[in-house]
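*Asks:* The structure file start.pdb (PDB, C-alpha atoms, pLDDT in the B column) is provided below.
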MODEL        1
ATOM      1  CA  ARG A  12       4.165 -13.323  23.539  1.00 73.00           C
ATOM      2  CA  LYS A  13       5.880 -11.538  20.659  1.00 83.00           C
ATOM      3  CA  GLU A  14       4.251  -8.343  19.462  1.00 90.00           C
ATOM      4  CA  VAL A  15       4.248  -9.577  15.874  1.00 94.00           C
ATOM      5  CA  GLU A  16       4.389 -13.295  15.131  1.00 94.00           C
ATOM      6  CA  GLN A  17       4.995 -15.065  11.863  1.00 94.00           C
ATOM      7  CA  ASP A  18       5.596 -18.668  10.900  1.00 88.00           C
ATOM      8  CA  PRO A  19       9.300 -18.585   9.965  1.00 86.00           C
ATOM      9  CA  GLY A  20       8.930 -21.368   7.411  1.00 88.00           C
ATOM     10  CA  PRO A  21      10.650 -22.033   5.122  1.00 93.00           C
ATOM     11  CA  PHE A  22       7.849 -22.478   2.653  1.00 95.00           C
ATOM     12  CA  ASN A  23       9.059 -24.509  -0.314  1.00 97.00           C
ATOM     13  CA  VAL A  24       6.668 -24.319  -3.261  1.00 97.00           C
ATOM     14  CA  PRO A  25       6.841 -25.083  -6.992  1.00 97.00           C
ATOM     15  CA  GLU A  26       6.607 -22.355  -9.586  1.00 98.00           C
ATOM     16  CA  GLY A  27       3.015 -21.407 -10.282  1.00 98.00           C
ATOM     17  CA  ALA A  28       1.775 -22.339  -6.822  1.00 98.00           C
ATOM     18  CA  THR A  29      -0.344 -20.129  -4.622  1.00 98.00           C
ATOM     19  CA  VAL A  30       1.078 -19.520  -1.156  1.00 97.00           C
ATOM     20  CA  ALA A  31      -0.305 -17.692   1.855  1.00 96.00           C
ATOM     21  CA  PHE A  32       1.540 -16.190   4.803  1.00 95.00           C
ATOM     22  CA  ASN A  33      -0.086 -15.333   8.088  1.00 95.00           C
ATOM     23  CA  CYS A  34       0.838 -12.846  10.753  1.00 96.00           C
ATOM     24  CA  THR A  35      -0.713 -12.047  14.128  1.00 97.00           C
ATOM     25  CA  TYR A  36      -0.164  -8.988  16.275  1.00 96.00           C
ATOM     26  CA  SER A  37      -0.824  -8.474  19.963  1.00 94.00           C
ATOM     27  CA  ASN A  38      -1.482  -4.733  20.290  1.00 91.00           C
ATOM     28  CA  SER A  39      -5.121  -4.006  19.505  1.00 90.00           C
ATOM     29  CA  ALA A  40      -4.275  -0.308  19.105  1.00 89.00           C
ATOM     30  CA  SER A  41      -2.034  -1.023  16.111  1.00 89.00           C
ATOM     31  CA  GLN A  42      -2.632   1.551  13.425  1.00 85.00           C
ATOM     32  CA  SER A  43      -0.855   0.709  10.176  1.00 89.00           C
ATOM     33  CA  PHE A  44       0.219  -2.521   8.589  1.00 93.00           C
ATOM     34  CA  PHE A  45       2.736  -3.411   5.933  1.00 94.00           C
ATOM     35  CA  TRP A  46       4.419  -6.298   4.188  1.00 96.00           C
ATOM     36  CA  TYR A  47       8.109  -5.890   3.399  1.00 95.00           C
ATOM     37  CA  ARG A  48      10.277  -8.178   1.306  1.00 97.00           C
ATOM     38  CA  GLN A  49      13.887  -8.893   2.236  1.00 95.00           C
ATOM     39  CA  ASP A  50      16.269 -10.701  -0.078  1.00 95.00           C
ATOM     40  CA  CYS A  51      19.203 -12.605   1.374  1.00 91.00           C
ATOM     41  CA  ARG A  52      21.743 -10.207   2.921  1.00 88.00           C
ATOM     42  CA  LYS A  53      19.875  -7.173   1.614  1.00 92.00           C
ATOM     43  CA  GLU A  54      17.752  -4.435   3.133  1.00 93.00           C
ATOM     44  CA  PRO A  55      13.959  -4.797   3.507  1.00 94.00           C
ATOM     45  CA  LYS A  56      11.878  -3.170   0.781  1.00 94.00           C
ATOM     46  CA  LEU A  57       8.240  -2.208   1.048  1.00 93.00           C
ATOM     47  CA  LEU A  58       6.063  -4.699  -0.805  1.00 96.00           C
ATOM     48  CA  MET A  59       2.678  -3.244   0.041  1.00 94.00           C
ATOM     49  CA  SER A  60       0.676  -1.501   2.697  1.00 92.00           C
ATOM     50  CA  VAL A  61      -2.321  -3.383   4.083  1.00 94.00           C
ATOM     51  CA  TYR A  62      -5.688  -1.660   4.177  1.00 90.00           C
ATOM     52  CA  SER A  63      -8.753  -2.604   6.179  1.00 88.00           C
ATOM     53  CA  SER A  64     -10.749  -3.444   3.062  1.00 89.00           C
ATOM     54  CA  GLY A  65      -7.972  -5.636   1.715  1.00 90.00           C
ATOM     55  CA  ASN A  66      -5.888  -4.695  -1.290  1.00 94.00           C
ATOM     56  CA  GLU A  67      -4.313  -6.273  -4.299  1.00 95.00           C
ATOM     57  CA  ASP A  68      -1.204  -5.489  -6.326  1.00 95.00           C
ATOM     58  CA  GLY A  69      -0.829  -7.800  -9.281  1.00 96.00           C
ATOM     59  CA  ARG A  70      -0.255 -11.310  -7.967  1.00 98.00           C
ATOM     60  CA  PHE A  71      -0.149 -10.139  -4.356  1.00 98.00           C
ATOM     61  CA  THR A  72      -3.196  -9.748  -2.104  1.00 98.00           C
ATOM     62  CA  ALA A  73      -3.094  -8.485   1.462  1.00 97.00           C
ATOM     63  CA  GLN A  74      -5.871  -8.854   3.992  1.00 96.00           C
ATOM     64  CA  LEU A  75      -6.390  -7.396   7.459  1.00 96.00           C
ATOM     65  CA  ASN A  76      -8.717  -8.727  10.135  1.00 95.00           C
ATOM     66  CA  ARG A  77      -8.691  -6.236  13.008  1.00 94.00           C
ATOM     67  CA  ALA A  78     -11.068  -8.294  15.148  1.00 94.00           C
ATOM     68  CA  SER A  79      -8.736 -11.278  15.057  1.00 94.00           C
ATOM     69  CA  GLN A  80      -5.581  -9.125  14.896  1.00 95.00           C
ATOM     70  CA  TYR A  81      -4.462 -11.035  11.874  1.00 95.00           C
ATOM     71  CA  ILE A  82      -2.807 -10.064   8.590  1.00 96.00           C
ATOM     72  CA  SER A  83      -2.254 -12.220   5.550  1.00 97.00           C
ATOM     73  CA  LEU A  84      -0.355 -12.091   2.284  1.00 97.00           C
ATOM     74  CA  LEU A  85      -1.375 -14.245  -0.663  1.00 97.00           C
ATOM     75  CA  ILE A  86       0.946 -14.765  -3.608  1.00 98.00           C
ATOM     76  CA  ARG A  87      -0.570 -16.283  -6.732  1.00 98.00           C
ATOM     77  CA  ASP A  88       1.320 -17.900  -9.613  1.00 98.00           C
ATOM     78  CA  SER A  89       4.624 -17.928  -7.720  1.00 98.00           C
ATOM     79  CA  LYS A  90       7.759 -17.005  -9.649  1.00 98.00           C
ATOM     80  CA  LEU A  91      11.334 -18.005  -8.906  1.00 98.00           C
ATOM     81  CA  SER A  92      12.003 -14.312  -8.257  1.00 97.00           C
ATOM     82  CA  ASP A  93       9.485 -14.341  -5.380  1.00 98.00           C
ATOM     83  CA  SER A  94      11.989 -16.314  -3.284  1.00 98.00           C
ATOM     84  CA  ALA A  95      12.755 -14.080  -0.314  1.00 97.00           C
ATOM     85  CA  THR A  96      11.829 -13.451   3.299  1.00 95.00           C
ATOM     86  CA  TYR A  97       8.543 -11.628   3.853  1.00 97.00           C
ATOM     87  CA  LEU A  98       8.310  -9.394   6.904  1.00 95.00           C
ATOM     88  CA  CYS A  99       5.027  -8.493   8.541  1.00 96.00           C
ATOM     89  CA  VAL A 100       5.238  -4.992  10.023  1.00 93.00           C
ATOM     90  CA  VAL A 101       2.855  -3.230  12.363  1.00 92.00           C
ATOM     91  CA  ARG A 102       2.844   0.369  13.566  1.00 88.00           C
ATOM     92  CA  ILE A 103       1.916   0.777  17.206  1.00 85.00           C
ATOM     93  CA  PRO A 104       1.087   4.075  18.915  1.00 79.00           C
ATOM     94  CA  THR A 105       3.901   5.153  21.196  1.00 73.00           C
ATOM     95  CA  GLY A 106       3.508   8.518  22.849  1.00 63.00           C
ATOM     96  CA  ASN A 107       2.892  11.059  20.117  1.00 61.00           C
ATOM     97  CA  THR A 108       4.811   9.198  17.485  1.00 61.00           C
ATOM     98  CA  GLY A 109       4.385   5.514  16.847  1.00 71.00           C
ATOM     99  CA  LYS A 110       6.956   2.951  15.876  1.00 79.00           C
ATOM    100  CA  LEU A 111       7.175  -0.038  13.595  1.00 85.00           C
ATOM    101  CA  ILE A 112       7.392  -3.559  14.996  1.00 88.00           C
ATOM    102  CA  PHE A 113       8.837  -6.146  12.629  1.00 91.00           C
ATOM    103  CA  GLY A 114       8.015  -9.819  12.630  1.00 93.00           C
ATOM    104  CA  GLN A 115      10.915 -12.235  12.246  1.00 92.00           C
ATOM    105  CA  GLY A 116       9.886 -12.969   8.687  1.00 93.00           C
ATOM    106  CA  THR A 117       8.633 -15.934   6.680  1.00 95.00           C
ATOM    107  CA  THR A 118      11.037 -17.431   4.164  1.00 95.00           C
ATOM    108  CA  LEU A 119       9.712 -18.465   0.768  1.00 97.00           C
ATOM    109  CA  GLN A 120      11.653 -20.658  -1.631  1.00 97.00           C
ATOM    110  CA  VAL A 121      10.082 -21.119  -5.056  1.00 98.00           C
ATOM    111  CA  LYS A 122      11.505 -24.065  -6.967  1.00 97.00           C
ATOM    112  CA  PRO A 123      11.402 -24.791 -10.706  1.00 95.00           C
TER     113      PRO A 123
ATOM    114  CA  ASP B  30      17.851   9.640  -7.501  1.00 63.00           C
ATOM    115  CA  GLY B  31      16.629  10.052  -3.922  1.00 72.00           C
ATOM    116  CA  GLY B  32      17.596   7.465  -1.403  1.00 93.00           C
ATOM    117  CA  ILE B  33      19.401   6.457   1.743  1.00 96.00           C
ATOM    118  CA  THR B  34      23.129   5.831   1.747  1.00 96.00           C
ATOM    119  CA  GLN B  35      24.835   3.819   4.438  1.00 97.00           C
ATOM    120  CA  SER B  36      28.578   3.437   4.772  1.00 96.00           C
ATOM    121  CA  PRO B  37      30.658   1.488   5.058  1.00 96.00           C
ATOM    122  CA  LYS B  38      29.109  -1.713   3.743  1.00 95.00           C
ATOM    123  CA  TYR B  39      31.376  -3.835   5.954  1.00 95.00           C
ATOM    124  CA  LEU B  40      33.071  -2.787   9.177  1.00 93.00           C
ATOM    125  CA  PHE B  41      35.336  -4.574  11.613  1.00 91.00           C
ATOM    126  CA  ARG B  42      35.701  -3.506  15.208  1.00 88.00           C
ATOM    127  CA  LYS B  43      38.504  -4.266  17.605  1.00 88.00           C
ATOM    128  CA  GLU B  44      37.892  -4.880  21.290  1.00 83.00           C
ATOM    129  CA  GLY B  45      37.389  -1.632  23.199  1.00 86.00           C
ATOM    130  CA  GLN B  46      36.955   0.421  20.061  1.00 91.00           C
ATOM    131  CA  ASN B  47      34.118   2.769  19.171  1.00 94.00           C
ATOM    132  CA  VAL B  48      32.988   2.745  15.558  1.00 95.00           C
ATOM    133  CA  THR B  49      30.597   5.044  13.713  1.00 96.00           C
ATOM    134  CA  LEU B  50      28.175   3.998  10.996  1.00 97.00           C
ATOM    135  CA  SER B  51      27.092   6.657   8.549  1.00 98.00           C
ATOM    136  CA  CYS B  52      23.549   7.218   7.274  1.00 98.00           C
ATOM    137  CA  GLU B  53      22.621   9.985   4.839  1.00 97.00           C
ATOM    138  CA  GLN B  54      19.275  10.558   3.116  1.00 97.00           C
ATOM    139  CA  ASN B  55      18.235  13.004   0.387  1.00 96.00           C
ATOM    140  CA  LEU B  56      14.534  12.199   0.541  1.00 93.00           C
ATOM    141  CA  ASN B  57      13.777  15.240   2.711  1.00 92.00           C
ATOM    142  CA  HIS B  58      12.344  12.877   5.331  1.00 90.00           C
ATOM    143  CA  ASP B  59      11.891  14.164   8.852  1.00 88.00           C
ATOM    144  CA  ALA B  60      12.147  10.842  10.688  1.00 89.00           C
ATOM    145  CA  MET B  61      15.161   8.546  10.729  1.00 92.00           C
ATOM    146  CA  TYR B  62      15.779   5.232  12.454  1.00 93.00           C
ATOM    147  CA  TRP B  63      18.474   2.711  13.270  1.00 96.00           C
ATOM    148  CA  TYR B  64      17.739  -0.997  13.482  1.00 96.00           C
ATOM    149  CA  ARG B  65      19.786  -4.039  14.259  1.00 96.00           C
ATOM    150  CA  GLN B  66      19.088  -7.416  12.635  1.00 94.00           C
ATOM    151  CA  ASP B  67      20.517 -10.690  13.914  1.00 92.00           C
ATOM    152  CA  PRO B  68      20.261 -13.941  11.930  1.00 84.00           C
ATOM    153  CA  GLY B  69      16.761 -15.413  11.967  1.00 76.00           C
ATOM    154  CA  GLN B  70      15.353 -12.466  13.875  1.00 80.00           C
ATOM    155  CA  GLY B  71      13.243  -9.468  13.113  1.00 84.00           C
ATOM    156  CA  LEU B  72      14.581  -5.925  13.121  1.00 92.00           C
ATOM    157  CA  ARG B  73      15.024  -4.339  16.537  1.00 93.00           C
ATOM    158  CA  LEU B  74      14.903  -0.570  16.988  1.00 92.00           C
ATOM    159  CA  ILE B  75      18.017   1.043  18.448  1.00 96.00           C
ATOM    160  CA  TYR B  76      17.301   4.791  18.160  1.00 95.00           C
ATOM    161  CA  TYR B  77      15.010   7.055  16.199  1.00 91.00           C
ATOM    162  CA  SER B  78      14.744  10.751  15.510  1.00 91.00           C
ATOM    163  CA  GLN B  79      11.748  12.842  14.545  1.00 86.00           C
ATOM    164  CA  ILE B  80      13.495  16.151  13.948  1.00 88.00           C
ATOM    165  CA  VAL B  81      16.935  17.719  13.992  1.00 93.00           C
ATOM    166  CA  ASN B  82      18.614  17.824  17.408  1.00 94.00           C
ATOM    167  CA  ASP B  83      16.135  15.376  18.874  1.00 92.00           C
ATOM    168  CA  PHE B  84      16.290  11.592  19.182  1.00 94.00           C
ATOM    169  CA  GLN B  85      14.729   8.866  21.292  1.00 91.00           C
ATOM    170  CA  LYS B  86      15.912   5.495  22.552  1.00 93.00           C
ATOM    171  CA  GLY B  87      14.439   2.432  20.978  1.00 91.00           C
ATOM    172  CA  ASP B  88      14.246  -1.042  22.452  1.00 89.00           C
ATOM    173  CA  ILE B  89      17.977  -1.850  22.519  1.00 95.00           C
ATOM    174  CA  ALA B  90      19.776   1.497  22.895  1.00 97.00           C
ATOM    175  CA  GLU B  91      22.356   0.373  25.452  1.00 96.00           C
ATOM    176  CA  GLY B  92      25.872   0.526  24.059  1.00 96.00           C
ATOM    177  CA  TYR B  93      24.883   2.811  21.182  1.00 97.00           C
ATOM    178  CA  SER B  94      24.750   6.572  20.651  1.00 98.00           C
ATOM    179  CA  VAL B  95      23.419   8.811  17.880  1.00 98.00           C
ATOM    180  CA  SER B  96      23.296  12.431  16.830  1.00 98.00           C
ATOM    181  CA  ARG B  97      21.014  14.387  14.512  1.00 97.00           C
ATOM    182  CA  GLU B  98      22.743  17.662  13.736  1.00 97.00           C
ATOM    183  CA  LYS B  99      21.421  17.806  10.178  1.00 97.00           C
ATOM    184  CA  LYS B 100      18.145  16.627   8.711  1.00 96.00           C
ATOM    185  CA  GLU B 101      19.981  14.498   6.166  1.00 97.00           C
ATOM    186  CA  SER B 102      22.308  12.703   8.545  1.00 98.00           C
ATOM    187  CA  PHE B 103      21.824  10.276  11.442  1.00 98.00           C
ATOM    188  CA  PRO B 104      25.124   8.572  12.369  1.00 98.00           C
ATOM    189  CA  LEU B 105      25.207   5.667  14.812  1.00 98.00           C
ATOM    190  CA  THR B 106      28.169   5.022  17.115  1.00 97.00           C
ATOM    191  CA  VAL B 107      28.643   1.508  18.416  1.00 96.00           C
ATOM    192  CA  THR B 108      30.558   1.973  21.645  1.00 94.00           C
ATOM    193  CA  SER B 109      32.835  -0.434  23.467  1.00 90.00           C
ATOM    194  CA  ALA B 110      29.989  -0.896  25.969  1.00 89.00           C
ATOM    195  CA  GLN B 111      28.104  -2.905  23.329  1.00 90.00           C
ATOM    196  CA  LYS B 112      29.484  -6.360  24.058  1.00 87.00           C
ATOM    197  CA  ASN B 113      27.817  -8.183  21.185  1.00 91.00           C
ATOM    198  CA  PRO B 114      27.939  -5.763  18.257  1.00 92.00           C
ATOM    199  CA  THR B 115      28.149  -8.308  15.426  1.00 94.00           C
ATOM    200  CA  ALA B 116      24.984  -7.760  13.378  1.00 95.00           C
ATOM    201  CA  PHE B 117      23.484  -6.227  10.264  1.00 96.00           C
ATOM    202  CA  TYR B 118      22.685  -2.536  10.911  1.00 97.00           C
ATOM    203  CA  LEU B 119      19.951  -0.854   8.910  1.00 97.00           C
ATOM    204  CA  CYS B 120      19.143   2.827   8.714  1.00 97.00           C
ATOM    205  CA  ALA B 121      15.693   3.914   7.601  1.00 93.00           C
ATOM    206  CA  SER B 122      13.749   7.107   7.068  1.00 92.00           C
ATOM    207  CA  SER B 123      10.134   8.090   6.652  1.00 87.00           C
ATOM    208  CA  ARG B 124       8.268  11.270   5.823  1.00 83.00           C
ATOM    209  CA  GLY B 125       6.853  11.489   9.309  1.00 72.00           C
ATOM    210  CA  LEU B 126       5.973   9.430  12.288  1.00 61.00           C
ATOM    211  CA  TYR B 127       2.228   9.830  11.899  1.00 55.00           C
ATOM    212  CA  GLY B 128      -0.263   7.890   9.860  1.00 53.00           C
ATOM    213  CA  ASN B 129       0.438   5.355   7.225  1.00 63.00           C
ATOM    214  CA  GLN B 130       4.078   6.182   6.574  1.00 73.00           C
ATOM    215  CA  PRO B 131       6.247   3.293   5.415  1.00 79.00           C
ATOM    216  CA  GLN B 132       9.955   3.353   5.993  1.00 85.00           C
ATOM    217  CA  HIS B 133      12.647   3.303   3.342  1.00 90.00           C
ATOM    218  CA  PHE B 134      15.873   1.511   4.127  1.00 94.00           C
ATOM    219  CA  GLY B 135      19.508   1.935   3.257  1.00 95.00           C
ATOM    220  CA  ASP B 136      21.384  -1.150   2.102  1.00 94.00           C
ATOM    221  CA  GLY B 137      22.916  -1.778   5.502  1.00 96.00           C
ATOM    222  CA  THR B 138      26.274  -2.121   7.241  1.00 97.00           C
ATOM    223  CA  ARG B 139      27.597  -5.476   8.416  1.00 96.00           C
ATOM    224  CA  LEU B 140      29.636  -5.097  11.589  1.00 95.00           C
ATOM    225  CA  SER B 141      31.921  -7.823  12.847  1.00 92.00           C
ATOM    226  CA  ILE B 142      34.369  -8.185  15.709  1.00 86.00           C
ATOM    227  CA  LEU B 143      38.037  -8.701  14.907  1.00 81.00           C
TER     228      LEU B 143
ENDMDL
END
Show how you would write the structure in this file as structure tokens.
*Replies:*
Amino acid sequence: RKEVEQDPGPFNVPEGATVAFNCTYSNSASQSFFWYRQDCRKEPKLLMSVYSSGNEDGRFTAQLNRASQYISLLIRDSKLSDSATYLCVVRIPTGNTGKLIFGQGTTLQVKP
Amino acid sequence: DGGITQSPKYLFRKEGQNVTLSCEQNLNHDAMYWYRQDPGQGLRLIYYSQIVNDFQKGDIAEGYSVSREKKESFPLTVTSAQKNPTAFYLCASSRGLYGNQPQHFGDGTRLSIL
């Protein structure tokens, strides 16, 4: 089983739609959670951290369910510019440091 | 502006050749990382470094080497022992390895075999 699993998609949605991405992780000791956005042939960029109480940033809402080891990202009122791959990222404790584990990403294509 | 600079953007390697990818950051971050990304896959950790003169192997270190002689610099050498080096290589840095510290990425180097 992969440490971080995402539905690769692609998700094809019309402009204005609401879309939700899910992510599951296998290590119950995981400490920090993030969503990154990666445009085609570009580097990943931090979209938002995910907090236990859930958090919102404009049209984006992230949720964490530690009991189910599940993270979600909700995008409301999709824009053409939201088209990208969204990476679910989890920090796991490793020795005295910790490292990030990246999911393979979920591709979103927003169409006019 | 603070950031991470990777060079070159594109690199071609001949059989049996070692090549070095550059990564420089002016964010004053302690931790630096190298990842490899293959099409349709997530990022895989090659090496990481917490402090100067110290680095640790990641999940796919075989065929790669690094050095961390300066805080700002973390070059990656792809050796001839790496038989499948064609990939997108990403360097990242973070303030530390503890707590809720996201990573910031350079814009990557695409390596191909000639």
*Asks:* Extract, using all atoms listed in the file, all DNA, RNA and protein residues at most 6 Å from range 21-36 of chain A, discarding same-chain residues fewer than 5 positions from it, and format them as a VMD selection string.
*Replies:* chain A and resid 14 to 16 80 to 90 118 to 123
*Asks:* Could you spell out the hits of the PyMOL selection byres ((chain A) within 9 of (chain B)) on the shown file, as a PyMOL selection string?
*Replies:* chain A and resi 19+42-45+52-57+60+98+102+107-116
*Asks:* Which is closest to Thr105 in chain A among B:Thr49, B:Thr34, B:Ser102, B:Gln85, if we use only C-alpha atoms?
*Replies:*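 Smallest distance to Thr105 in chain A is found for B:Gln85.
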*Asks:* Mind pulling up the distance from CA of Ala40 in chain A to CA of Glu91 in chain B?
*Replies:*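 If I compute the distance from CA of Glu91 in chain B to CA of Ala40 in chain A, I get 27.4 Å.
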*Asks:* Rounded to one decimal place, report the CA of Phe103 in chain B-CA of Arg124 in chain B distance in Å.
*Replies:* 14.7 Å
*Asks:* So what do you get for CA of Gly20 in chain A versus CA of Cys99 in chain A, distance-wise?
*Replies:* 13.5 Å
*Asks:* Please give the centre and size of the box around range 73-84 of chain A (axis-aligned, containing every atom listed in the file, 8 Å added per side), with values in Å to one decimal and written as lines of an AutoDock Vina configuration file.
*Replies:*
center_x = -5.7
center_y = -9.2
center_z = 8.3
size_x = 26.7
size_y = 22.0
size_z = 29.7
*Asks:* What residues come out when you apply the PyMOL selection byres ((chain B and resi 80) around 9) to this file, written as an MDAnalysis selection string?
*Replies:* chainID B and resid 59:61 78:79 81:84 97 99:100
*Asks:* Find the spatial neighbours of Phe41 in chain B, counting only C-alpha atoms, within a cut-off of 12 Å - ignore same-chain residues fewer than 4 positions away - and output them as a list in words.
*Replies:* Pro37, Gln46, Asn47, Val48, Thr49, Leu50, Val107, Pro114, Thr115, Ala116, Thr138, Arg139, Leu140, Ser141, Ile142 and Leu143 of chain B
*Asks:* Skipping near chain neighbours, those fewer than 2 positions away, what residues fall within 7 Å of Ile75 in chain B using all atoms listed in the file, listed as a list in words?
*Replies:* Trp63, Tyr64, Arg65, Arg73, Lys86, Gly87, Asp88, Ile89 and Ala90 of chain B
*Asks:* Expand the PyMOL selection byres ((chain A and resi 48) around 6) into the individual residues it matches in the shown file, reporting them as a PDB file with C-alpha atoms, in the coordinates of the input.
*Replies:*
ATOM      1  CA  TYR A  47       8.109  -5.890   3.399  1.00 95.00           C
ATOM      2  CA  GLN A  49      13.887  -8.893   2.236  1.00 95.00           C
ATOM      3  CA  PRO A  55      13.959  -4.797   3.507  1.00 94.00           C
ATOM      4  CA  LYS A  56      11.878  -3.170   0.781  1.00 94.00           C
ATOM      5  CA  LEU A  58       6.063  -4.699  -0.805  1.00 96.00           C
ATOM      6  CA  THR A  96      11.829 -13.451   3.299  1.00 95.00           C
ATOM      7  CA  TYR A  97       8.543 -11.628   3.853  1.00 97.00           C
TER       8      TYR A  97
END
